[in-house]
Structure formats: C-alpha cells, structure tokens
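Before any comments, here is the structure.
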Amino acid sequence: MKPKFKELILASYEFEVYNPIQTKIVILHTMFFISIFMNILFIFFHLFVTSSYTILYINIFILSLSLYALYLLREKGHYNLAVYIGNGVFFIAFIALPLLKNGEGYTLIWTYFFAPFAISTLGAKRGLIVSIFFITIVLLLTYYGMSLGVNESFGIESYVRFALAHFVMLYIIYAIQNNSEYAERKIEQLREKEKSEIEVLTKLSITDTLTPLYNKRFFEEIFPKQIKKAQENKALLTFFILDIDYFKQYNDTYGHQKGDYTLIQIAKILQKVFYHNNTYLFRIGGEEFAGIFLHKNITETYILSKNILETIREEKIEHQGNPDTKVLTASIGIYVKHFDDDLDFKAIYRLADEALYIAKNNGRNQIKYA
C-alpha cells in the first residue's frame, strides 16, 4: 500500500480492501511525511536564521532516518522495521529537542506527539509501555530544572499540570487504540466465521445431497470451463456417463434405503478409480453418474473406464433383480473430445448419452464410445 502525495496532503485515503494494518501504514506515512516536511523547514530556519547548529544536526538526523524509514515502508514493504525506526527516531528527537533548549521556546510541546504515534503504530499494549517510559524520562527532565517557556519558570504547579496532561492524553489514546484493536479482532473473527460458513454453503451448493460427488448444478457450471481448459492446454477431454443396470429392480428388491447405500458405494468406487486431481465426478440424477477428465493419451481413457467396471464387479454387490449376473453391474457411455473439436458441452453430453443407450441395448455391463 502506497498512499499518493495528494492523499497524504489531504489526509484522505482510498482502500480497495480494508485490513487493520492499513491504518497503521497510513499513520506511518503521514507522520514521516510531516516529519520530512517540518525538518526541511527547520534545517533552513536554523541554518540561515538562528544559526542553532546543534538543533540543526538533530533536524538532519530526524530527516535522514525519516526518509530511510519511508523508503523501507514504501519500496521494500518492511513495515515492522519502519515502525521501530520511526519510534526510535521520535523517541530520541522529542527528548533531545527540549533537553538541548532547556525546555525553552515551547519545545516541550513536541513531547505530546510521541504517545499517539507509539500506541497507534506499535499497538496498544506495547505502545503504552514505550510511552510510559518516554513520559517518565520527560517528567524527570522537567522536574530537574527545564523551564516551560522563555520567561516562565517551571514551578510545581506547572509541573503537575504538565504531568497530568501527559497521562490524561496517554489514557485517552490507549483507550481508543485498545478498544479499536479489540473491535478489529472481533470483526476479523466474524469475517473468518463468515468465510468459513460461505465455504461450507458453497460446498453444499455444489455437492450431491446423497453422495460425496458434485451435483448436476455444478456439472453444468464446470463442463464448459473444462472444455475451454482442454482447448487452451491442447488436451483430450473424456466425458462419461455411468448408469447402474436394473437399478429400479434393485430398489424394488432391497428397498430404497439399501439403494441409497449402493449409490454411495458406486460414488466411492469412482473416487477410488479417479484419485487424481484432473477429474470431476458427478451424480447427475437417480442412478446416473458422470465424470470429466483431461489427459494427453487416449489409452488412459480405456484403462480408467475399464477399471470402473472391473472394480464394481470385484465388489460383488448382490443384485437378485439383475437377470444377467445376479450381482450389481453398470453401463458406460463415453465421448472423447479432441482439443480442436467445436462441440459444446450439450452436444458432448448428447453423444455420450447415446453411447450409453447403445451399451444398454447391447446387453448392459459394458462400455461404448461415441
């Protein structure tokens, strides 16, 4: 994140996506920008007007490290290092300035800037500890003889007011930052919870209600995308439809509950055969399943489709309603699309479905290619 020069001047920033760290980055940019601008002015002022070379050196020190910290922040993205350098520079500078001037010229007023900067950039608790340490040093210096202004002695009454002002401001800044960080944590927790719930809902919306496979809705969404991907990668696309043979008779014989269990078993068999990531498996309705996978060699299609039927046979799921074998079998229709084919997903689906119909009419328990 790099605020533009205009945004820094107007203190108006635009975020495409907000996260808590952005506020700290903006504060750092703003503080470094002000520091650079003010110290350039003070360098010229002390060089040509006051000839206060000791203060001039401090201004050069602040300017140099502010420029370096800004470079680290904007060009290198070293946020934490920029924070530590910034706090170190201002810690030293805001103590050195009133110390060298003995508190004259209202130089003590700069000490009020440190706590808001430290707490907002280091975080509420760490910033509070550093700020208390800073204020303690400042109060010790004022107690042992610095004066508040040129003609006004720094008496006990002034000292008490000065100390109270520092601690009241410190408490207010800490309270604001601490509550802000708490709110940010709660918001982040809600975001994570919402993200998790969205992921669950998204998964539910594309997953079959019975099996662990994708549903028909997602099938219609992903099929055109896979066709496009196959064309871009110059790959073959295999689409198959699997239908369990005599499944109506299976439900009539064993009941719908056992039928549902068998559908889950078939889904797991498909997952076992197609374990690689290039495959999408679906239950597209009733006892019909489908699959899409990309590959370079058509031999892979022959091997995998054959493995489906062999694995189903190996399971030896009893099916007394099957007049052919008395065990559960399935038929498969396949279409293999070359990357330069112009067919869309509806045409491919129709061709695979026709191949499945041929397999059914030819005796079932077999594979037919369109």
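By convention here, the chains of the structure tokens are called A, B, ... in the order presented, each chain's residues are numbered starting at 1, and ligands are numbered starting at 1 in the order presented.
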What's around Tyr71 in chain A at 12 Å? Count only C-alpha atoms, leave out sequence neighbours fewer than 4 positions away in its own chain, and write the answer as a PyMOL selection string. chain A and resi 2+28-29+32-33+64-67+75-79+81-82+85-86
Residue subset to file, keeping N, CA and C atoms, as a PDB file, in the first residue's frame:
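File produced: out.pdb:
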```pdb
ATOM      1  N   LYS A   2       0.672   2.136  -0.977  1.00  0.00           N
ATOM      2  CA  LYS A   2       1.453   3.358  -1.103  1.00  0.00           C
ATOM      3  C   LYS A   2       0.515   4.553  -1.286  1.00  0.00           C
ATOM      4  N   LEU A  28       1.911   5.884   9.675  1.00  0.00           N
ATOM      5  CA  LEU A  28       3.354   5.954   9.444  1.00  0.00           C
ATOM      6  C   LEU A  28       3.674   6.905   8.291  1.00  0.00           C
ATOM      7  N   HIS A  29       2.981   6.730   7.176  1.00  0.00           N
ATOM      8  CA  HIS A  29       3.196   7.611   6.030  1.00  0.00           C
ATOM      9  C   HIS A  29       2.970   9.075   6.409  1.00  0.00           C
ATOM     10  N   PHE A  32       5.750  10.342   8.831  1.00  0.00           N
ATOM     11  CA  PHE A  32       7.023  10.526   8.130  1.00  0.00           C
ATOM     12  C   PHE A  32       6.948  11.718   7.185  1.00  0.00           C
ATOM     13  N   PHE A  33       5.814  11.872   6.520  1.00  0.00           N
ATOM     14  CA  PHE A  33       5.626  12.997   5.602  1.00  0.00           C
ATOM     15  C   PHE A  33       5.721  14.324   6.350  1.00  0.00           C
ATOM     16  N   SER A  64      16.979  12.384   7.964  1.00  0.00           N
ATOM     17  CA  SER A  64      17.654  11.260   7.309  1.00  0.00           C
ATOM     18  C   SER A  64      16.969   9.934   7.635  1.00  0.00           C
ATOM     19  N   LEU A  65      16.719   9.715   8.913  1.00  0.00           N
ATOM     20  CA  LEU A  65      16.112   8.446   9.312  1.00  0.00           C
ATOM     21  C   LEU A  65      14.639   8.367   8.899  1.00  0.00           C
ATOM     22  N   SER A  66      13.954   9.493   8.871  1.00  0.00           N
ATOM     23  CA  SER A  66      12.560   9.503   8.398  1.00  0.00           C
ATOM     24  C   SER A  66      12.492   9.129   6.919  1.00  0.00           C
ATOM     25  N   LEU A  67      13.425   9.682   6.125  1.00  0.00           N
ATOM     26  CA  LEU A  67      13.485   9.337   4.699  1.00  0.00           C
ATOM     27  C   LEU A  67      13.807   7.855   4.511  1.00  0.00           C
ATOM     28  N   GLU A  75       9.018   1.196  -0.522  1.00  0.00           N
ATOM     29  CA  GLU A  75       9.687   0.462  -1.598  1.00  0.00           C
ATOM     30  C   GLU A  75      10.016  -0.980  -1.232  1.00  0.00           C
ATOM     31  N   LYS A  76      10.314  -1.237   0.036  1.00  0.00           N
ATOM     32  CA  LYS A  76      10.701  -2.582   0.449  1.00  0.00           C
ATOM     33  C   LYS A  76       9.591  -3.341   1.166  1.00  0.00           C
ATOM     34  N   GLY A  77       8.589  -2.594   1.644  1.00  0.00           N
ATOM     35  CA  GLY A  77       7.485  -3.242   2.357  1.00  0.00           C
ATOM     36  C   GLY A  77       7.861  -3.743   3.740  1.00  0.00           C
ATOM     37  N   HIS A  78       8.964  -3.203   4.313  1.00  0.00           N
ATOM     38  CA  HIS A  78       9.392  -3.619   5.656  1.00  0.00           C
ATOM     39  C   HIS A  78       8.635  -2.791   6.702  1.00  0.00           C
ATOM     40  N   TYR A  79       7.411  -3.160   6.943  1.00  0.00           N
ATOM     41  CA  TYR A  79       6.553  -2.379   7.834  1.00  0.00           C
ATOM     42  C   TYR A  79       7.096  -2.344   9.260  1.00  0.00           C
ATOM     43  N   LEU A  81      10.107  -2.898  10.505  1.00  0.00           N
ATOM     44  CA  LEU A  81      11.366  -2.166  10.636  1.00  0.00           C
ATOM     45  C   LEU A  81      11.121  -0.665  10.586  1.00  0.00           C
ATOM     46  N   ALA A  82      10.219  -0.228   9.694  1.00  0.00           N
ATOM     47  CA  ALA A  82       9.881   1.195   9.603  1.00  0.00           C
ATOM     48  C   ALA A  82       9.247   1.694  10.899  1.00  0.00           C
ATOM     49  N   ILE A  85      12.109   2.005  13.550  1.00  0.00           N
ATOM     50  CA  ILE A  85      12.956   3.160  13.248  1.00  0.00           C
ATOM     51  C   ILE A  85      12.210   4.458  13.567  1.00  0.00           C
ATOM     52  N   GLY A  86      10.943   4.537  13.136  1.00  0.00           N
ATOM     53  CA  GLY A  86      10.143   5.731  13.392  1.00  0.00           C
ATOM     54  C   GLY A  86      10.006   6.028  14.871  1.00  0.00           C
TER      55      GLY A  86
END
```
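The set of residues in range 134-295 of chain A assigned to strand (DSSP E or B) by DSSP, using only backbone atoms of this structure, is Thr207, Tyr214, Leu236, Leu237, Thr238, Phe239, Phe240, Ile241, Leu242, Asp243, Ile244, Thr279, Tyr280, Leu281, Phe282, Arg283, Ile284, Gly285, Glu288, Phe289, Ala290, Gly291, Ile292, Phe293, Leu294 and His295 of chain A.
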I'd like the neighbourhood of Gln366 in chain A as a PDB file with C-alpha atoms, in the first residue's frame, where a residue qualifies if any of its atoms comes within 9 Å (using only C-alpha atoms), though same-chain residues fewer than 2 positions away should be ignored.
```
ATOM      1  CA  LYS A 306     -12.295 -50.445 -17.786  1.00  0.00           C
ATOM      2  CA  LEU A 309     -16.490 -51.783 -14.370  1.00  0.00           C
ATOM      3  CA  THR A 329     -23.256 -54.038 -12.817  1.00  0.00           C
ATOM      4  CA  ALA A 330     -23.129 -50.780 -14.713  1.00  0.00           C
ATOM      5  CA  SER A 331     -23.039 -49.481 -18.280  1.00  0.00           C
ATOM      6  CA  ILE A 332     -20.925 -46.589 -19.508  1.00  0.00           C
ATOM      7  CA  GLY A 333     -21.160 -44.242 -22.476  1.00  0.00           C
ATOM      8  CA  ALA A 359     -24.456 -50.069 -24.250  1.00  0.00           C
ATOM      9  CA  LYS A 360     -27.800 -50.673 -22.527  1.00  0.00           C
ATOM     10  CA  ASN A 362     -26.398 -54.320 -26.371  1.00  0.00           C
ATOM     11  CA  GLY A 363     -26.731 -56.204 -23.103  1.00  0.00           C
ATOM     12  CA  ARG A 364     -25.501 -53.809 -20.408  1.00  0.00           C
ATOM     13  CA  LYS A 368     -19.471 -47.887 -25.547  1.00  0.00           C
TER      14      LYS A 368
END
```
Once DSSP has gone over the backbone, tell me which residues of range 6-198 of chain A are in helix (DSSP H, G or I), as an MDAnalysis selection string. chainID A and resid 6:10 20:50 53:76 79:100 104:122 124:143 156:198
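The closest residue to Leu343 in chain A, picked from A:Phe223, A:Tyr302, A:Tyr280, A:Tyr250 and counting only C-alpha atoms, is A:Phe223.
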Select, from A:Asp260, A:Glu220, A:Asp344, A:Glu318, the residue with the minimum atom-to-atom distance to Gly291 in chain A, counting only C-alpha atoms. A:Glu220
Among A:Leu141, A:Leu236, A:Ile264, A:Ile43, Leu294 in chain A is approached most closely, using only C-alpha atoms, by A:Leu236
Identify, on the basis of only C-alpha atoms, every residue whose closest approach to Ala230 in chain A does not exceed 10 Å; exclude the query and any residue fewer than 6 positions from it along the same chain; express the result as a ChimeraX atom specification. /A:224,236-238,293-296,337-340
Choose the residue, out of A:Asn102, A:Thr136, A:Thr262, A:Thr279, that has the smallest atom-to-atom separation from Phe167 in chain A; count only C-alpha atoms. A:Thr136
Near range 54-56 of chain A, within 10 Å and counting only C-alpha atoms, which residues show up once chain neighbours fewer than 5 positions away are dropped, as number ranges by chain? A: 39-40, 42-47, 61-62, 93, 96-97, 100-101
Between A:Leu201, A:Ala370, A:Ile308, A:Asn59, smallest distance to Phe274 in chain A by only C-alpha atoms belongs to A:Ile308
Ranking A:Ile92, A:Ile303, A:Leu128, A:Ile266 by minimum distance to Leu210 in chain A and counting only C-alpha atoms, which one comes first? A:Ile266
